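model.cif follows; it contains mmCIF, C-alpha atoms.
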```cif
data_model
loop_
_atom_site.label_atom_id
_atom_site.label_comp_id
_atom_site.auth_asym_id
_atom_site.auth_seq_id
_atom_site.Cartn_x
_atom_site.Cartn_y
_atom_site.Cartn_z
CA MET A 1 0.00 0.00 0.00
CA SER A 2 1.52 3.30 -1.08
CA VAL A 3 1.74 6.21 1.35
CA GLU A 4 0.96 9.67 0.01
CA LEU A 5 3.93 11.96 0.39
CA SER A 6 3.65 15.44 1.89
CA LEU A 7 4.59 18.44 -0.24
CA SER A 8 7.84 18.79 1.73
CA GLU A 9 8.74 15.18 1.03
CA ARG A 10 7.92 15.54 -2.67
CA LEU A 11 10.05 18.67 -2.97
CA ALA A 12 12.92 17.05 -1.06
CA ARG A 13 12.85 14.05 -3.41
CA GLN A 14 12.65 16.33 -6.43
CA ILE A 15 15.74 18.21 -5.26
CA ALA A 16 17.59 14.98 -4.43
CA SER A 17 16.98 13.58 -7.90
CA GLY A 18 17.13 16.68 -10.08
CA GLY A 19 19.11 19.25 -8.12
CA PRO A 20 18.10 22.62 -6.62
CA ILE A 21 14.85 24.26 -7.71
CA SER A 22 14.25 27.95 -8.36
CA ILE A 23 12.57 30.25 -5.86
CA ALA A 24 9.73 30.66 -8.37
CA HIS A 25 9.20 26.89 -8.59
CA TYR A 26 9.31 26.52 -4.81
CA MET A 27 6.85 29.39 -4.29
CA ALA A 28 4.46 28.11 -6.96
CA GLU A 29 4.35 24.60 -5.48
CA ALA A 30 3.97 25.88 -1.93
CA ASN A 31 1.13 28.30 -2.67
CA GLN A 32 -0.73 25.89 -4.95
CA HIS A 33 -0.85 23.41 -2.07
CA TYR A 34 -1.60 26.09 0.51
CA TYR A 35 -4.55 27.70 -1.24
CA GLY A 36 -5.87 24.39 -2.55
CA THR A 37 -6.24 22.78 0.87
CA ARG A 38 -7.73 25.41 3.21
CA ASP A 39 -9.54 28.68 3.84
CA PRO A 40 -6.60 30.85 4.93
CA LEU A 41 -8.59 33.96 5.91
CA GLY A 42 -9.94 35.35 9.16
CA ALA A 43 -9.14 34.91 12.83
CA ALA A 44 -9.02 31.12 12.51
CA GLY A 45 -6.80 31.32 9.42
CA ASP A 46 -3.41 32.85 8.74
CA PHE A 47 -4.12 36.42 7.63
CA THR A 48 -6.85 39.02 7.23
CA THR A 49 -7.38 41.12 4.10
CA ALA A 50 -8.98 44.55 3.82
CA PRO A 51 -12.46 43.27 2.81
CA GLU A 52 -12.54 41.13 5.97
CA ILE A 53 -11.76 44.19 8.12
CA SER A 54 -14.78 46.21 7.04
CA GLN A 55 -17.65 46.22 4.56
CA MET A 56 -16.63 49.78 3.69
CA PHE A 57 -13.71 48.55 1.59
CA GLY A 58 -15.76 46.45 -0.83
CA GLU A 59 -18.61 48.94 -0.94
CA LEU A 60 -16.35 51.80 -2.01
CA VAL A 61 -14.51 49.72 -4.61
CA GLY A 62 -17.85 48.57 -6.02
CA LEU A 63 -19.27 52.09 -6.20
CA CYS A 64 -16.04 53.31 -7.80
CA LEU A 65 -16.42 50.80 -10.64
CA ALA A 66 -20.15 51.45 -10.96
CA ASP A 67 -19.40 55.15 -11.34
CA VAL A 68 -16.91 54.38 -14.13
CA TRP A 69 -19.57 52.27 -15.87
CA MET A 70 -22.21 54.99 -15.65
CA ARG A 71 -19.91 57.81 -16.81
CA SER A 72 -18.82 55.61 -19.73
CA GLY A 73 -22.33 55.24 -21.09
CA SER A 74 -23.78 52.38 -19.00
CA ARG A 75 -22.74 49.87 -21.65
CA PRO A 76 -24.46 46.45 -21.78
CA ASP A 77 -23.01 42.94 -21.30
CA ILE A 78 -20.73 44.18 -18.54
CA GLY A 79 -18.80 41.69 -16.43
CA TYR A 80 -17.55 42.11 -12.86
CA VAL A 81 -14.30 40.15 -12.59
CA GLU A 82 -12.28 39.43 -9.47
CA LEU A 83 -8.89 37.76 -9.42
CA GLY A 84 -8.25 35.60 -6.35
CA PRO A 85 -11.45 36.63 -4.54
CA GLY A 86 -10.80 34.77 -1.27
CA ARG A 87 -14.09 34.23 0.54
CA ALA A 88 -15.86 36.59 -1.92
CA THR A 89 -16.33 39.13 0.87
CA LEU A 90 -15.15 42.01 -1.30
CA ALA A 91 -17.35 40.91 -4.20
CA SER A 92 -20.39 40.50 -1.96
CA ASP A 93 -20.02 44.01 -0.55
CA ALA A 94 -19.19 45.52 -3.95
CA LEU A 95 -22.12 43.85 -5.72
CA ARG A 96 -24.54 44.86 -2.96
CA ALA A 97 -23.43 48.48 -3.31
CA MET A 98 -23.73 48.25 -7.10
CA ALA A 99 -27.23 46.78 -6.85
CA SER A 100 -28.30 49.72 -4.66
CA ILE A 101 -27.94 51.92 -7.74
CA SER A 102 -29.48 49.32 -10.07
CA PHE A 103 -26.21 48.05 -11.53
CA VAL A 104 -26.15 44.24 -11.69
CA PRO A 105 -23.24 42.92 -13.76
CA ARG A 106 -22.42 39.32 -14.56
CA VAL A 107 -19.91 37.91 -12.04
CA HIS A 108 -16.71 36.08 -12.92
CA PHE A 109 -14.02 34.83 -10.52
CA VAL A 110 -10.53 33.68 -11.47
CA GLU A 111 -9.95 31.08 -8.76
CA THR A 112 -8.20 27.70 -8.73
CA SER A 113 -8.79 26.58 -5.13
CA PRO A 114 -11.66 24.04 -4.86
CA SER A 115 -12.27 24.87 -1.20
CA LEU A 116 -12.42 28.61 -1.83
CA ARG A 117 -14.68 28.13 -4.87
CA GLU A 118 -17.16 26.30 -2.68
CA ARG A 119 -17.04 29.05 -0.08
CA GLN A 120 -17.49 31.73 -2.77
CA ARG A 121 -20.63 30.08 -4.16
CA THR A 122 -22.34 30.38 -0.79
CA LEU A 123 -22.17 34.18 -1.08
CA ILE A 124 -22.39 34.56 -4.87
CA PRO A 125 -24.47 31.61 -6.17
CA ASN A 126 -24.50 32.84 -9.77
CA VAL A 127 -20.73 33.27 -10.07
CA LEU A 128 -18.86 31.75 -13.03
CA HIS A 129 -15.45 30.38 -12.11
CA HIS A 130 -12.38 30.39 -14.36
CA ASP A 131 -8.97 28.81 -13.85
CA ALA A 132 -7.16 31.69 -15.55
CA VAL A 133 -7.66 35.07 -17.20
CA SER A 134 -7.73 33.27 -20.55
CA GLY A 135 -11.06 31.68 -19.57
CA LEU A 136 -12.89 34.99 -19.13
CA PRO A 137 -15.62 35.85 -21.66
CA GLU A 138 -14.30 37.43 -24.83
CA GLN A 139 -17.36 39.61 -25.40
CA GLY A 140 -18.43 42.62 -23.33
CA PRO A 141 -16.49 45.10 -21.18
CA LEU A 142 -14.77 43.97 -17.98
CA LEU A 143 -14.62 45.72 -14.62
CA VAL A 144 -11.80 43.99 -12.78
CA VAL A 145 -10.70 43.92 -9.14
CA ALA A 146 -7.44 42.35 -7.97
CA ASN A 147 -7.00 42.77 -4.22
CA GLU A 148 -3.93 41.03 -2.78
CA PHE A 149 -3.66 38.85 -5.86
CA PHE A 150 -0.33 39.71 -7.47
CA ASP A 151 1.61 39.39 -4.19
CA ALA A 152 1.00 35.62 -4.05
CA LEU A 153 2.28 34.89 -7.56
CA PRO A 154 5.71 33.25 -7.84
CA VAL A 155 8.72 35.46 -8.51
CA ARG A 156 12.17 34.67 -9.79
CA GLN A 157 15.03 35.84 -7.58
CA ILE A 158 18.54 36.43 -8.85
CA VAL A 159 21.64 37.23 -6.78
CA ARG A 160 24.66 39.41 -7.55
CA SER A 161 27.66 37.08 -7.20
CA GLY A 162 31.20 37.64 -8.41
CA GLY A 163 30.14 40.50 -10.66
CA GLU A 164 27.44 38.38 -12.29
CA TRP A 165 23.76 37.67 -11.70
CA ARG A 166 22.90 34.09 -10.74
CA GLU A 167 19.63 32.30 -10.07
CA ARG A 168 18.67 31.98 -6.40
CA VAL A 169 17.67 28.39 -5.77
CA VAL A 170 16.31 26.19 -2.99
CA ILE A 171 18.05 23.13 -1.52
CA CYS A 172 17.20 20.61 1.17
CA PRO A 173 20.33 20.67 3.37
CA ASP A 174 19.46 17.62 5.49
CA PRO A 175 17.64 14.64 3.91
CA ASP A 176 16.62 13.56 7.42
CA GLN A 177 14.65 16.82 7.79
CA PRO A 178 12.65 17.03 4.54
CA ASP A 179 10.46 19.85 5.84
CA ARG A 180 13.39 22.27 6.12
CA PHE A 181 14.79 23.98 3.05
CA ALA A 182 17.27 26.79 2.42
CA PRO A 183 17.92 29.38 -0.30
CA VAL A 184 21.38 29.52 -1.87
CA THR A 185 23.03 31.16 -4.85
CA GLY A 186 22.98 28.79 -7.80
CA TYR A 187 25.41 28.37 -10.67
CA ARG A 188 23.11 29.42 -13.51
CA ARG A 189 24.02 32.85 -14.91
CA VAL A 190 21.19 35.28 -15.76
CA GLU A 191 21.97 37.86 -18.43
CA SER A 192 18.60 39.07 -19.79
CA GLY A 193 15.90 41.21 -18.22
CA ILE A 194 18.28 43.03 -15.87
CA PRO A 195 17.22 46.68 -15.29
CA PRO A 196 19.86 49.44 -15.60
CA LEU A 197 19.89 50.15 -11.84
CA ALA A 198 21.22 46.64 -11.23
CA THR A 199 24.48 47.17 -13.09
CA GLU A 200 26.08 48.74 -10.02
CA ALA A 201 24.45 46.44 -7.47
CA PRO A 202 26.67 45.31 -4.60
CA GLU A 203 27.73 41.74 -3.97
CA GLY A 204 24.88 39.69 -2.54
CA ALA A 205 22.13 42.02 -3.78
CA ILE A 206 18.87 40.30 -4.73
CA LEU A 207 16.64 41.28 -7.64
CA GLU A 208 13.09 39.93 -7.93
CA MET A 209 11.61 39.30 -11.38
CA PRO A 210 7.82 38.84 -11.24
CA LEU A 211 7.50 36.90 -14.49
CA ALA A 212 4.17 35.26 -13.63
CA GLY A 213 2.65 38.55 -12.49
CA THR A 214 3.74 40.48 -15.55
CA ALA A 215 2.42 37.77 -17.88
CA ILE A 216 -1.01 37.80 -16.20
CA ALA A 217 -1.05 41.61 -16.10
CA LEU A 218 -0.28 41.84 -19.81
CA GLU A 219 -2.94 39.27 -20.74
CA LEU A 220 -5.54 41.04 -18.61
CA ALA A 221 -4.59 44.45 -20.00
CA HIS A 222 -4.97 43.21 -23.56
CA ARG A 223 -8.44 41.91 -22.67
CA ILE A 224 -9.52 45.31 -21.38
CA ALA A 225 -7.95 47.01 -24.41
CA ARG A 226 -10.00 44.79 -26.75
CA GLN A 227 -13.26 44.64 -24.80
CA GLY A 228 -13.39 47.90 -22.85
CA GLY A 229 -13.59 48.50 -19.13
CA ALA A 230 -11.24 49.19 -16.26
CA ALA A 231 -9.30 47.48 -13.47
CA ILE A 232 -8.46 48.38 -9.89
CA ILE A 233 -5.41 46.65 -8.41
CA ILE A 234 -4.75 46.91 -4.67
CA ASP A 235 -1.78 45.26 -3.01
CA TYR A 236 1.23 45.95 -0.87
CA GLY A 237 4.28 46.93 -2.81
CA TYR A 238 6.52 49.62 -4.25
CA GLU A 239 7.32 51.58 -7.38
CA GLY A 240 10.28 49.75 -8.88
CA PRO A 241 12.63 48.73 -10.08
CA ALA A 242 14.33 48.09 -6.74
CA LEU A 243 16.71 45.65 -5.14
CA GLY A 244 15.89 43.48 -2.13
CA ASP A 245 14.46 40.19 -0.94
CA THR A 246 10.76 40.67 -0.08
CA LEU A 247 9.77 36.99 0.16
CA GLN A 248 7.85 36.40 3.36
CA ALA A 249 5.61 33.81 4.97
CA VAL A 250 2.62 34.35 7.27
CA ARG A 251 1.12 31.65 9.48
CA ALA A 252 -1.46 32.12 12.22
CA HIS A 253 -1.16 35.92 11.79
CA ARG A 254 2.58 35.85 12.49
CA PHE A 255 5.61 35.99 10.24
CA ALA A 256 7.18 32.58 9.68
CA ASP A 257 10.22 31.11 7.95
CA PRO A 258 9.33 30.73 4.24
CA PHE A 259 11.59 27.70 3.97
CA ILE A 260 10.08 25.55 6.70
CA GLU A 261 7.08 23.33 5.95
CA PRO A 262 6.23 24.68 2.48
CA GLY A 263 2.53 24.72 1.76
CA GLU A 264 1.62 25.37 5.38
CA SER A 265 2.00 29.17 5.30
CA ASP A 266 1.14 31.95 2.86
CA LEU A 267 4.13 32.97 0.73
CA THR A 268 4.13 36.45 -0.79
CA THR A 269 6.42 39.14 -2.17
CA HIS A 270 5.93 42.88 -2.51
CA VAL A 271 4.38 43.94 -5.82
CA ASP A 272 6.33 46.07 -8.29
CA PHE A 273 3.58 48.46 -9.39
CA THR A 274 5.81 50.02 -12.03
CA MET A 275 6.19 46.65 -13.71
CA ILE A 276 2.49 45.81 -13.83
CA GLY A 277 1.63 49.38 -14.80
CA ASN A 278 4.00 49.11 -17.74
CA MET A 279 2.15 45.99 -18.90
CA ALA A 280 -1.08 48.00 -19.03
CA ARG A 281 0.60 50.86 -20.91
CA GLN A 282 2.05 48.36 -23.37
CA ALA A 283 -1.51 47.22 -24.12
CA GLY A 284 -2.62 50.81 -24.71
CA LEU A 285 -4.46 51.47 -21.44
CA ARG A 286 -4.27 54.60 -19.31
CA VAL A 287 -2.69 53.98 -15.91
CA LEU A 288 -3.59 55.94 -12.78
CA GLY A 289 -1.54 55.72 -9.61
CA PRO A 290 -0.32 54.00 -7.66
CA VAL A 291 -1.59 55.93 -4.67
CA GLY A 292 -1.65 54.85 -1.05
CA GLN A 293 -4.67 52.80 -0.04
CA GLY A 294 -5.50 55.36 2.63
CA ALA A 295 -5.58 58.25 0.16
CA PHE A 296 -7.58 56.14 -2.31
CA LEU A 297 -10.27 55.23 0.23
CA ARG A 298 -10.49 58.76 1.61
CA GLN A 299 -11.07 60.16 -1.87
CA LEU A 300 -13.81 57.58 -2.36
CA GLY A 301 -15.53 58.78 0.83
CA ILE A 302 -14.60 56.30 3.55
CA ASP A 303 -14.78 58.98 6.24
CA ALA A 304 -18.39 59.85 5.36
CA ARG A 305 -19.32 56.17 5.07
CA ALA A 306 -17.79 55.46 8.49
CA ASP A 307 -19.76 58.33 10.04
CA GLN A 308 -22.95 56.99 8.45
CA LEU A 309 -22.37 53.46 9.76
CA ALA A 310 -21.56 54.79 13.24
CA ARG A 311 -24.80 56.78 13.33
CA THR A 312 -26.87 53.88 12.00
CA THR A 313 -25.39 51.34 14.45
CA PRO A 314 -24.08 53.27 17.49
CA ALA A 315 -23.09 50.04 19.26
CA ARG A 316 -20.54 49.44 16.51
CA ALA A 317 -19.14 52.98 16.41
CA GLU A 318 -15.79 52.06 17.98
CA GLU A 319 -15.45 49.00 15.74
CA VAL A 320 -16.17 51.07 12.63
CA GLU A 321 -13.63 53.73 13.60
CA ALA A 322 -10.97 51.10 14.36
CA ALA A 323 -11.56 49.55 10.95
CA ARG A 324 -11.38 52.92 9.20
CA LEU A 325 -8.04 53.66 10.83
CA ARG A 326 -6.65 50.21 10.09
CA LEU A 327 -7.50 50.62 6.40
CA THR A 328 -6.26 54.19 6.02
CA ALA A 329 -3.66 55.12 8.66
CA ASP A 330 -0.04 55.50 7.58
CA ASP A 331 1.13 53.18 10.38
CA ALA A 332 -1.36 50.48 9.34
CA MET A 333 -2.42 49.71 5.74
CA GLY A 334 -2.65 53.29 4.47
CA THR A 335 0.69 53.66 2.68
CA LEU A 336 2.24 50.18 2.42
CA PHE A 337 -0.85 49.07 0.48
CA LYS A 338 -1.30 50.87 -2.81
CA ALA A 339 -4.02 51.19 -5.44
CA MET A 340 -3.59 51.44 -9.20
CA ALA A 341 -6.21 51.77 -11.94
CA TRP A 342 -6.13 50.77 -15.57
CA VAL A 343 -8.75 52.18 -17.91
CA HIS A 344 -9.60 51.79 -21.57
CA PRO A 345 -8.89 55.00 -23.55
CA ASP A 346 -12.61 55.40 -24.37
CA TRP A 347 -13.77 54.96 -20.76
CA ALA A 348 -14.07 57.46 -17.91
CA GLU A 349 -11.29 57.48 -15.33
CA PRO A 350 -12.06 56.02 -11.88
CA VAL A 351 -12.35 58.41 -8.94
CA GLY A 352 -9.79 58.03 -6.16
CA PHE A 353 -6.52 58.67 -7.97
CA GLU A 354 -6.46 62.47 -7.98
CA GLY A 355 -3.32 64.16 -6.74
#
```
Let me see the file written as structure tokens.
Amino acid sequence: MSVELSLSERLARQIASGGPISIAHYMAEANQHYYGTRDPLGAAGDFTTAPEISQMFGELVGLCLADVWMRSGSRPDIGYVELGPGRATLASDALRAMASISFVPRVHFVETSPSLRERQRTLIPNVLHHDAVSGLPEQGPLLVVANEFFDALPVRQIVRSGGEWRERVVICPDPDQPDRFAPVTGYRRVESGIPPLATEAPEGAILEMPLAGTAIALELAHRIARQGGAAIIIDYGYEGPALGDTLQAVRAHRFADPFIEPGESDLTTHVDFTMIGNMARQAGLRVLGPVGQGAFLRQLGIDARADQLARTTPARAEEVEAARLRLTADDAMGTLFKAMAWVHPDWAEPVGFEG
């Protein structure tokens, strides 16, 4: 009788037989297992996203997209698309806010996790699921939301070593401990795709190359360019290019070692907004931002919405205020998290990106 191997054991055997694997390969395998086997969100999970903090987040994003739709002529056959929608909390709040102004788009989720798909259907019974952006409908404009989606995609890491750039790879140092891995500098030289700032990088510097993220961004941007619509991308990240290792793991709401027990914690990297913005520009879209999440939500009216909720439910006033601050304050999610918009040249620009 065969015994099913754990992900750690499979990776350890793969490394033993074929040699070290890239950071991108390791991250892809770990996150595919992680998201495919659990609901990672909420107090009982490993992390909490902005939609889980307050209904205000999803409501404002939904109204922002509805406003774009109306100012662009209220075109028919519109689709609401969300990439990596988690529990569908954001979508539920956004669609409820849209419905309040008689806007009811078709709903499409790009989601590969069977467990999360099941959870999503409980909130959005009429949702259509797709494994990838390529499965989205090819007719009709798309209004897209990607909240904390790009950060979980695998990145390639390369290391400055001996005046050259080399692939950063993962090994299993001790075969007797197959759940413990380690990153090392590999032997494979990397010569293409290096930005100019990296030519003077010091020894040991790390450069992240988000190949999966840029490919998805470009495909999505071409869809919007052909079909019309807009996208709002919200994630934590920076305006690159930049040097540094941003790979991190979160487990039970605490930072963990990314190289211990792969598939049992959420692996992410910071998003290079310049890179994904350039993909949209390459497809012919207008790009707005990035701006800090706090500034974005304030321009959309989160302060007024918080006041309204506090007046309507006085018992929740402190909870509402705490959520508002967590979403917008500079020492919380207000500046680390950023928002960017893409918009078709013939469509109205989303509110929230002024200044």
Selection result of the PyMOL selection byres ((chain A and resi 282) around 12) on this file, as a list in words
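Checking the PyMOL selection byres ((chain A and resi 282) around 12) against this file, the residues are Thr214, Ala215, Ala217, Leu218, Glu219, Leu220, Ala221, His222, Ala225, Met275, Ile276, Gly277, Asn278, Met279, Ala280, Arg281, Ala283, Gly284, Leu285, Arg286, Val287 and Trp342 of chain A.
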Using all atoms listed in the file, the best pick from A:Ala306, A:Val170, A:Leu142, A:Leu153 as closest to Asn31 in chain A would be A:Leu153
Padding of 3 Å on every side, edges along x, y and z, all listed atoms of range 183-193 of chain A included: what centre and edge lengths in Å, to one decimal, does that box have, as AutoDock Vina command-line options?
```
--center_x 20.7 --center_y 34.8 --center_z -10.0 --size_x 15.5 --size_y 18.8 --size_z 25.5
```
Spatial neighbours of Met333 in chain A, 9 Å, only C-alpha atoms, chain gap at least 3 places, as a PyMOL selection string
chain A and resi 50+236+292-294+325-330+336-338
Considering all atoms listed in the file, can you say which of A:Asn147, A:Gly240, A:Ala152, A:Ala201 comes closest to Ala339 in chain A?
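Using all atoms listed in the file, Ala339 in chain A sits closest to A:Asn147.
Remark: for Pro85 in chain A, the closest of the candidate residues A:Ala66, A:Ser72, A:Ala146, A:Glu118 is A:Ala146 (distances computed over all atoms listed in the file).
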